[in-house]
Amino acid sequence: MPIPSRAALVDHLVRTRIAGDVATPRDNNLSHYRRLANGDRHYWLGLELGDRWADEQDVLAVMAERCGVVDDPEHRAGQDTIDPELTVDGLDRMAARLRKAAAGRQRVLFATGHPGALLDVHSRTAAALRAAGCDIVRIPGGLTADEGYVVQFADVAVFERGASLWHTHSPEPMRAILGALETPPDLVVADHGWAGCAGQLGVDAMGYADCNDPALFIGEAEGSLQVTVPLDDHVLDPRFYEPMTAYLLDAAGLSA
């Protein structure tokens, strides 16, 4: 695939609604911000936020700054946004850390709670790092969490139940992996609770996050996560993420 320029990628992100006017509605975003602020741990995505974010307006301010949602607290319904420039900025930060991993031939673990959308993004990144000499962590067999199984598919850890790969925000699958490994990875690249749990447990972690998942953006603001890339994490066609992945790997020096 041709490597898009920054301008071409921004245009693609907006056209495919990975960023720009995204499908996630404003009322859903605000509901999640409020639940995080009210201490609902489901929305903490494995992070320990204490009482530091008890004001939902503080959460909104972080999301406006780091994700590009509308900063007006009176905007309660209808459309919300992700700033595509912030998406590309996040990809550039992620690329810098991937370049460091490749240079050090580090041990890297990939995981996703969005196998229907982001599996290929993670898998291609894993393949590129392996080609650069990194050790892509192979998780132990037989791991369980949340009444299901933690398995690995195309180098990416996922949650399986009833012969299907599940969408999950839970940190428990990552907790099971890290608890079973003799040596923690040097880097985790993930999303949802997989990324939040790793960062909370002191592992270098980066993640992708939607505008209704504020915890990972707070995690980056507080330093628990190294990078959080804002995007719609489940658009119509998973192939829409391919130009983004190509840009990321090229920026990391991994496209060859």
# chains A, B, ... in the order shown; residues from 1 in each chain; ligands from 1
call {"tool": "residues_around", "arguments": {"residues": "segment 6-21 of chain A", "least_positions_apart": "6", "cutoff": "7 Å", "atoms": "only C-alpha atoms", "output": "ChimeraX atom specification"}}
result
/A:79-85,231-232,235,240,243-244
call {"tool": "write_last_selection", "arguments": {"atoms": "N, CA and C atoms", "output": "PDB file, in the first residue's frame"}}
result
ATOM      1  N   GLN A  79     -24.017  15.377  17.249  1.00  0.00           N
ATOM      2  CA  GLN A  79     -22.718  14.965  16.746  1.00  0.00           C
ATOM      3  C   GLN A  79     -21.598  15.302  17.718  1.00  0.00           C
ATOM      4  N   ASP A  80     -20.571  14.455  17.748  1.00  0.00           N
ATOM      5  CA  ASP A  80     -19.323  14.802  18.417  1.00  0.00           C
ATOM      6  C   ASP A  80     -18.170  14.519  17.458  1.00  0.00           C
ATOM      7  N   THR A  81     -16.979  14.920  17.852  1.00  0.00           N
ATOM      8  CA  THR A  81     -15.861  14.923  16.916  1.00  0.00           C
ATOM      9  C   THR A  81     -14.596  14.349  17.547  1.00  0.00           C
ATOM     10  N   ILE A  82     -13.706  13.879  16.669  1.00  0.00           N
ATOM     11  CA  ILE A  82     -12.322  13.568  17.003  1.00  0.00           C
ATOM     12  C   ILE A  82     -11.466  14.384  16.038  1.00  0.00           C
ATOM     13  N   ASP A  83     -10.489  15.088  16.557  1.00  0.00           N
ATOM     14  CA  ASP A  83      -9.632  15.928  15.725  1.00  0.00           C
ATOM     15  C   ASP A  83      -8.636  15.038  14.980  1.00  0.00           C
ATOM     16  N   PRO A  84      -8.711  14.962  13.637  1.00  0.00           N
ATOM     17  CA  PRO A  84      -7.802  14.077  12.908  1.00  0.00           C
ATOM     18  C   PRO A  84      -6.338  14.474  13.055  1.00  0.00           C
ATOM     19  N   GLU A  85      -6.069  15.756  13.301  1.00  0.00           N
ATOM     20  CA  GLU A  85      -4.683  16.174  13.526  1.00  0.00           C
ATOM     21  C   GLU A  85      -4.148  15.551  14.819  1.00  0.00           C
ATOM     22  N   LEU A 231      -9.237   7.731  18.006  1.00  0.00           N
ATOM     23  CA  LEU A 231      -9.881   7.315  16.759  1.00  0.00           C
ATOM     24  C   LEU A 231     -11.197   6.628  17.068  1.00  0.00           C
ATOM     25  N   ASP A 232     -12.064   6.536  16.076  1.00  0.00           N
ATOM     26  CA  ASP A 232     -13.234   5.680  16.189  1.00  0.00           C
ATOM     27  C   ASP A 232     -12.727   4.253  16.068  1.00  0.00           C
ATOM     28  N   VAL A 235     -15.079   1.314  12.872  1.00  0.00           N
ATOM     29  CA  VAL A 235     -15.767   1.898  11.719  1.00  0.00           C
ATOM     30  C   VAL A 235     -16.320   0.791  10.830  1.00  0.00           C
ATOM     31  N   PHE A 240     -10.472   0.212   6.327  1.00  0.00           N
ATOM     32  CA  PHE A 240     -10.287   1.664   6.383  1.00  0.00           C
ATOM     33  C   PHE A 240      -9.072   2.044   7.229  1.00  0.00           C
ATOM     34  N   PRO A 243      -4.541   2.507   5.562  1.00  0.00           N
ATOM     35  CA  PRO A 243      -3.639   3.643   5.335  1.00  0.00           C
ATOM     36  C   PRO A 243      -3.037   4.188   6.629  1.00  0.00           C
ATOM     37  N   MET A 244      -3.806   4.164   7.703  1.00  0.00           N
ATOM     38  CA  MET A 244      -3.298   4.611   9.001  1.00  0.00           C
ATOM     39  C   MET A 244      -2.151   3.718   9.463  1.00  0.00           C
TER      40      MET A 244
END
call {"tool": "select_by_dssp", "arguments": {"residues": "segment 6-203 of chain A", "states": "strand (DSSP E or B)", "output": "VMD selection string"}}
result
chain A and resid 20 to 22 80 to 82 107 to 111 135 to 136 143 to 145 148 to 153 156 to 161 164 to 166 187 to 191
call {"tool": "residues_around", "arguments": {"residues": "His169 of chain A", "least_positions_apart": "4", "cutoff": "10 Å", "atoms": "only C-alpha atoms", "output": "MDAnalysis selection string"}}
result
chainID A and resid 42:46 112:114 173 191:196 213
call {"tool": "write_last_selection", "arguments": {"atoms": "N, CA and C atoms", "output": "PDB file, in the first residue's frame"}}
result
ATOM      1  N   HIS A  42     -15.813   0.185  35.613  1.00  0.00           N
ATOM      2  CA  HIS A  42     -15.890  -0.325  34.242  1.00  0.00           C
ATOM      3  C   HIS A  42     -15.304   0.681  33.261  1.00  0.00           C
ATOM      4  N   TYR A  43     -15.461   1.951  33.564  1.00  0.00           N
ATOM      5  CA  TYR A  43     -15.002   3.015  32.659  1.00  0.00           C
ATOM      6  C   TYR A  43     -13.577   3.474  32.971  1.00  0.00           C
ATOM      7  N   TRP A  44     -12.943   2.881  33.982  1.00  0.00           N
ATOM      8  CA  TRP A  44     -11.547   3.214  34.298  1.00  0.00           C
ATOM      9  C   TRP A  44     -10.567   2.397  33.467  1.00  0.00           C
ATOM     10  N   LEU A  45     -11.061   1.347  32.805  1.00  0.00           N
ATOM     11  CA  LEU A  45     -10.258   0.529  31.885  1.00  0.00           C
ATOM     12  C   LEU A  45      -8.953   0.043  32.515  1.00  0.00           C
ATOM     13  N   GLY A  46      -9.044  -0.423  33.741  1.00  0.00           N
ATOM     14  CA  GLY A  46      -7.897  -1.008  34.399  1.00  0.00           C
ATOM     15  C   GLY A  46      -6.997  -0.031  35.119  1.00  0.00           C
ATOM     16  N   THR A 112      -5.968  -6.825  21.898  1.00  0.00           N
ATOM     17  CA  THR A 112      -7.087  -5.962  21.520  1.00  0.00           C
ATOM     18  C   THR A 112      -8.406  -6.437  22.103  1.00  0.00           C
ATOM     19  N   GLY A 113      -9.195  -5.485  22.548  1.00  0.00           N
ATOM     20  CA  GLY A 113     -10.576  -5.719  22.931  1.00  0.00           C
ATOM     21  C   GLY A 113     -11.529  -5.427  21.797  1.00  0.00           C
ATOM     22  N   HIS A 114     -10.986  -5.068  20.630  1.00  0.00           N
ATOM     23  CA  HIS A 114     -11.792  -4.780  19.444  1.00  0.00           C
ATOM     24  C   HIS A 114     -11.347  -5.654  18.274  1.00  0.00           C
ATOM     25  N   PRO A 173      -8.348  -9.852  31.232  1.00  0.00           N
ATOM     26  CA  PRO A 173      -7.517 -10.683  30.356  1.00  0.00           C
ATOM     27  C   PRO A 173      -6.037 -10.280  30.380  1.00  0.00           C
ATOM     28  N   ASP A 191      -5.441  -1.695  23.500  1.00  0.00           N
ATOM     29  CA  ASP A 191      -6.563  -0.763  23.580  1.00  0.00           C
ATOM     30  C   ASP A 191      -7.394  -1.170  24.796  1.00  0.00           C
ATOM     31  N   HIS A 192      -8.415  -0.378  25.096  1.00  0.00           N
ATOM     32  CA  HIS A 192      -9.338  -0.672  26.199  1.00  0.00           C
ATOM     33  C   HIS A 192      -8.602  -1.057  27.479  1.00  0.00           C
ATOM     34  N   GLY A 193      -9.207  -1.983  28.236  1.00  0.00           N
ATOM     35  CA  GLY A 193      -8.629  -2.383  29.508  1.00  0.00           C
ATOM     36  C   GLY A 193      -7.322  -3.133  29.381  1.00  0.00           C
ATOM     37  N   TRP A 194      -7.047  -3.687  28.215  1.00  0.00           N
ATOM     38  CA  TRP A 194      -5.761  -4.364  27.995  1.00  0.00           C
ATOM     39  C   TRP A 194      -4.619  -3.356  28.161  1.00  0.00           C
ATOM     40  N   ALA A 195      -4.773  -2.178  27.566  1.00  0.00           N
ATOM     41  CA  ALA A 195      -3.740  -1.141  27.660  1.00  0.00           C
ATOM     42  C   ALA A 195      -3.723  -0.519  29.046  1.00  0.00           C
ATOM     43  N   GLY A 196      -4.915  -0.215  29.587  1.00  0.00           N
ATOM     44  CA  GLY A 196      -4.978   0.422  30.895  1.00  0.00           C
ATOM     45  C   GLY A 196      -4.390  -0.444  31.989  1.00  0.00           C
ATOM     46  N   ASP A 213     -14.169   6.657  25.470  1.00  0.00           N
ATOM     47  CA  ASP A 213     -13.307   5.907  26.387  1.00  0.00           C
ATOM     48  C   ASP A 213     -12.256   6.840  26.982  1.00  0.00           C
TER      49      ASP A 213
END
call {"tool": "residues_around", "arguments": {"residues": "Val229 of chain A", "least_positions_apart": "5", "cutoff": "12 Å", "atoms": "only C-alpha atoms", "output": "PyMOL selection string"}}
result
chain A and resi 18-19+63+66-68+82-95+189-192+195+205-211+213-214+216-217+219-220+244+248
call {"tool": "select_by_dssp", "arguments": {"residues": "segment 76-198 of chain A", "states": "alpha helix (DSSP H)", "output": "ChimeraX atom specification"}}
result
/A:84-103,119-131,172-180,192-198
call {"tool": "closest_residue", "arguments": {"among": "A:Asp155, A:Asp204, A:Asp135, A:Glu74", "to": "Ala103 of chain A", "atoms": "only C-alpha atoms"}}
result
A:Asp135
call {"tool": "residues_around", "arguments": {"residues": "Phe159 of chain A", "least_positions_apart": "2", "cutoff": "9 Å", "atoms": "only C-alpha atoms", "output": "ChimeraX atom specification"}}
result
/A:112-113,115,144-146,148-152,157,161,164-168,173
call {"tool": "atom_distance", "arguments": {"atom1": "atom CA of Leu249 of chain A", "atom2": "atom CA of Val227 of chain A"}}
result
15.5 Å
call {"tool": "closest_residue", "arguments": {"among": "A:Pro238, A:Gly253, A:Pro140, A:Gly162", "to": "Gly179 of chain A", "atoms": "only C-alpha atoms"}}
result
A:Pro140
call {"tool": "atom_distance", "arguments": {"atom1": "atom CA of Tyr241 of chain A", "atom2": "atom CA of Gln226 of chain A"}}
result
21.5 Å
call {"tool": "residues_around", "arguments": {"residues": "Thr183 of chain A", "least_positions_apart": "2", "cutoff": "12 Å", "atoms": "only C-alpha atoms", "output": "ChimeraX atom specification"}}
result
/A:107-109,137-140,177-181,185-187,203
call {"tool": "write_last_selection", "arguments": {"atoms": "all heavy atoms", "output": "short mmCIF file (atom, residue, chain, number, x, y, z; two decimals), in the first residue's frame"}}
result
data_model
loop_
_atom_site.label_atom_id
_atom_site.label_comp_id
_atom_site.auth_asym_id
_atom_site.auth_seq_id
_atom_site.Cartn_x
_atom_site.Cartn_y
_atom_site.Cartn_z
N ARG A 107 10.94 -6.96 23.76
CA ARG A 107 9.84 -7.92 23.84
C ARG A 107 8.53 -7.12 23.87
O ARG A 107 8.32 -6.31 24.77
CB ARG A 107 9.95 -8.79 25.09
CG ARG A 107 11.18 -9.66 25.12
CD ARG A 107 11.27 -10.45 26.41
NE ARG A 107 10.20 -11.42 26.55
CZ ARG A 107 9.23 -11.35 27.45
NH1 ARG A 107 9.17 -10.32 28.30
NH2 ARG A 107 8.30 -12.28 27.52
N VAL A 108 7.66 -7.37 22.90
CA VAL A 108 6.45 -6.56 22.75
C VAL A 108 5.23 -7.48 22.73
O VAL A 108 5.22 -8.52 22.08
CB VAL A 108 6.50 -5.73 21.45
CG1 VAL A 108 5.29 -4.79 21.38
CG2 VAL A 108 7.80 -4.94 21.35
N LEU A 109 4.22 -7.07 23.47
CA LEU A 109 2.96 -7.80 23.55
C LEU A 109 1.86 -6.97 22.90
O LEU A 109 1.73 -5.78 23.20
CB LEU A 109 2.61 -8.09 25.01
CG LEU A 109 1.22 -8.68 25.30
CD1 LEU A 109 1.06 -10.06 24.68
CD2 LEU A 109 0.97 -8.73 26.81
N VAL A 137 5.76 -11.30 22.11
CA VAL A 137 5.48 -12.18 23.24
C VAL A 137 4.40 -13.20 22.88
O VAL A 137 3.34 -12.84 22.35
CB VAL A 137 5.05 -11.34 24.46
CG1 VAL A 137 4.60 -12.26 25.61
CG2 VAL A 137 6.18 -10.43 24.91
N ARG A 138 4.70 -14.44 23.18
CA ARG A 138 3.74 -15.53 23.02
C ARG A 138 3.13 -15.81 24.39
O ARG A 138 3.85 -16.14 25.34
CB ARG A 138 4.44 -16.77 22.49
CG ARG A 138 3.52 -17.95 22.17
CD ARG A 138 4.34 -19.08 21.57
NE ARG A 138 3.55 -20.28 21.33
CZ ARG A 138 2.88 -20.51 20.22
NH1 ARG A 138 2.91 -19.63 19.23
NH2 ARG A 138 2.18 -21.63 20.07
N ILE A 139 1.82 -15.67 24.50
CA ILE A 139 1.20 -15.80 25.82
C ILE A 139 1.08 -17.26 26.20
O ILE A 139 1.00 -18.15 25.33
CB ILE A 139 -0.18 -15.11 25.88
CG1 ILE A 139 -1.23 -15.88 25.06
CG2 ILE A 139 -0.09 -13.66 25.40
CD1 ILE A 139 -2.65 -15.39 25.28
N PRO A 140 1.09 -17.57 27.51
CA PRO A 140 0.91 -18.97 27.94
C PRO A 140 -0.46 -19.50 27.54
O PRO A 140 -1.43 -18.74 27.42
CB PRO A 140 1.04 -18.86 29.47
CG PRO A 140 1.77 -17.59 29.73
CD PRO A 140 1.34 -16.66 28.64
N ILE A 177 -2.64 -12.40 31.67
CA ILE A 177 -1.40 -12.59 30.89
C ILE A 177 -0.18 -12.17 31.70
O ILE A 177 0.79 -12.93 31.83
CB ILE A 177 -1.46 -11.77 29.59
CG1 ILE A 177 -2.53 -12.31 28.65
CG2 ILE A 177 -0.09 -11.80 28.88
CD1 ILE A 177 -2.76 -11.43 27.43
N LEU A 178 -0.22 -10.97 32.24
CA LEU A 178 0.95 -10.46 32.95
C LEU A 178 1.23 -11.27 34.21
O LEU A 178 2.39 -11.42 34.62
CB LEU A 178 0.76 -8.98 33.29
CG LEU A 178 0.67 -8.04 32.07
CD1 LEU A 178 0.47 -6.60 32.52
CD2 LEU A 178 1.90 -8.16 31.18
N GLY A 179 0.19 -11.81 34.83
CA GLY A 179 0.38 -12.66 35.99
C GLY A 179 1.01 -13.99 35.66
O GLY A 179 1.64 -14.62 36.53
N ALA A 180 0.86 -14.44 34.41
CA ALA A 180 1.38 -15.74 34.01
C ALA A 180 2.77 -15.67 33.40
O ALA A 180 3.46 -16.70 33.32
CB ALA A 180 0.41 -16.39 33.02
N LEU A 181 3.19 -14.50 32.94
CA LEU A 181 4.50 -14.38 32.31
C LEU A 181 5.59 -14.34 33.37
O LEU A 181 5.47 -13.64 34.38
CB LEU A 181 4.56 -13.10 31.46
CG LEU A 181 3.70 -13.07 30.19
CD1 LEU A 181 3.78 -11.68 29.56
CD2 LEU A 181 4.14 -14.14 29.19
N PRO A 185 6.67 -7.93 29.49
CA PRO A 185 7.16 -7.39 28.22
C PRO A 185 7.78 -6.01 28.43
O PRO A 185 7.52 -5.34 29.44
CB PRO A 185 5.90 -7.31 27.37
CG PRO A 185 4.77 -7.25 28.34
CD PRO A 185 5.21 -8.02 29.54
N ASP A 186 8.59 -5.60 27.47
CA ASP A 186 9.15 -4.25 27.49
C ASP A 186 8.10 -3.22 27.06
O ASP A 186 8.19 -2.04 27.44
CB ASP A 186 10.36 -4.15 26.57
CG ASP A 186 11.48 -5.08 26.97
OD1 ASP A 186 11.92 -5.00 28.13
OD2 ASP A 186 11.90 -5.91 26.13
N LEU A 187 7.13 -3.68 26.29
CA LEU A 187 6.12 -2.77 25.73
C LEU A 187 4.84 -3.54 25.46
O LEU A 187 4.88 -4.68 24.97
CB LEU A 187 6.64 -2.15 24.43
CG LEU A 187 5.68 -1.24 23.66
CD1 LEU A 187 5.35 0.02 24.44
CD2 LEU A 187 6.27 -0.88 22.29
N VAL A 203 4.00 -1.44 33.20
CA VAL A 203 4.59 -1.80 31.92
C VAL A 203 4.42 -0.63 30.95
O VAL A 203 3.37 0.01 30.93
CB VAL A 203 3.91 -3.06 31.34
CG1 VAL A 203 4.52 -3.44 30.00
CG2 VAL A 203 4.01 -4.22 32.33
#
call {"tool": "closest_residue", "arguments": {"among": "A:Arg99, A:Arg130, A:His122, A:Arg34", "to": "Asp250 of chain A", "atoms": "only C-alpha atoms"}}
result
A:Arg99
call {"tool": "atom_distance", "arguments": {"atom1": "atom CA of Ala102 of chain A", "atom2": "atom CA of Ala176 of chain A"}}
result
26.0 Å
call {"tool": "closest_residue", "arguments": {"among": "A:Val158, A:Ala101, A:Glu147, A:Ala23", "to": "Leu236 of chain A", "atoms": "only C-alpha atoms"}}
result
A:Ala23
call {"tool": "residues_around", "arguments": {"residues": "Asp58 of chain A", "least_positions_apart": "4", "cutoff": "12 Å", "atoms": "only C-alpha atoms", "output": "ChimeraX atom specification"}}
result
/A:30,33-34,36-37,51-54,62-65,71,73,214,218,221
call {"tool": "closest_residue", "arguments": {"among": "A:Tyr247, A:Asn212, A:Glu172, A:Ala163", "to": "His32 of chain A", "atoms": "only C-alpha atoms"}}
result
A:Asn212
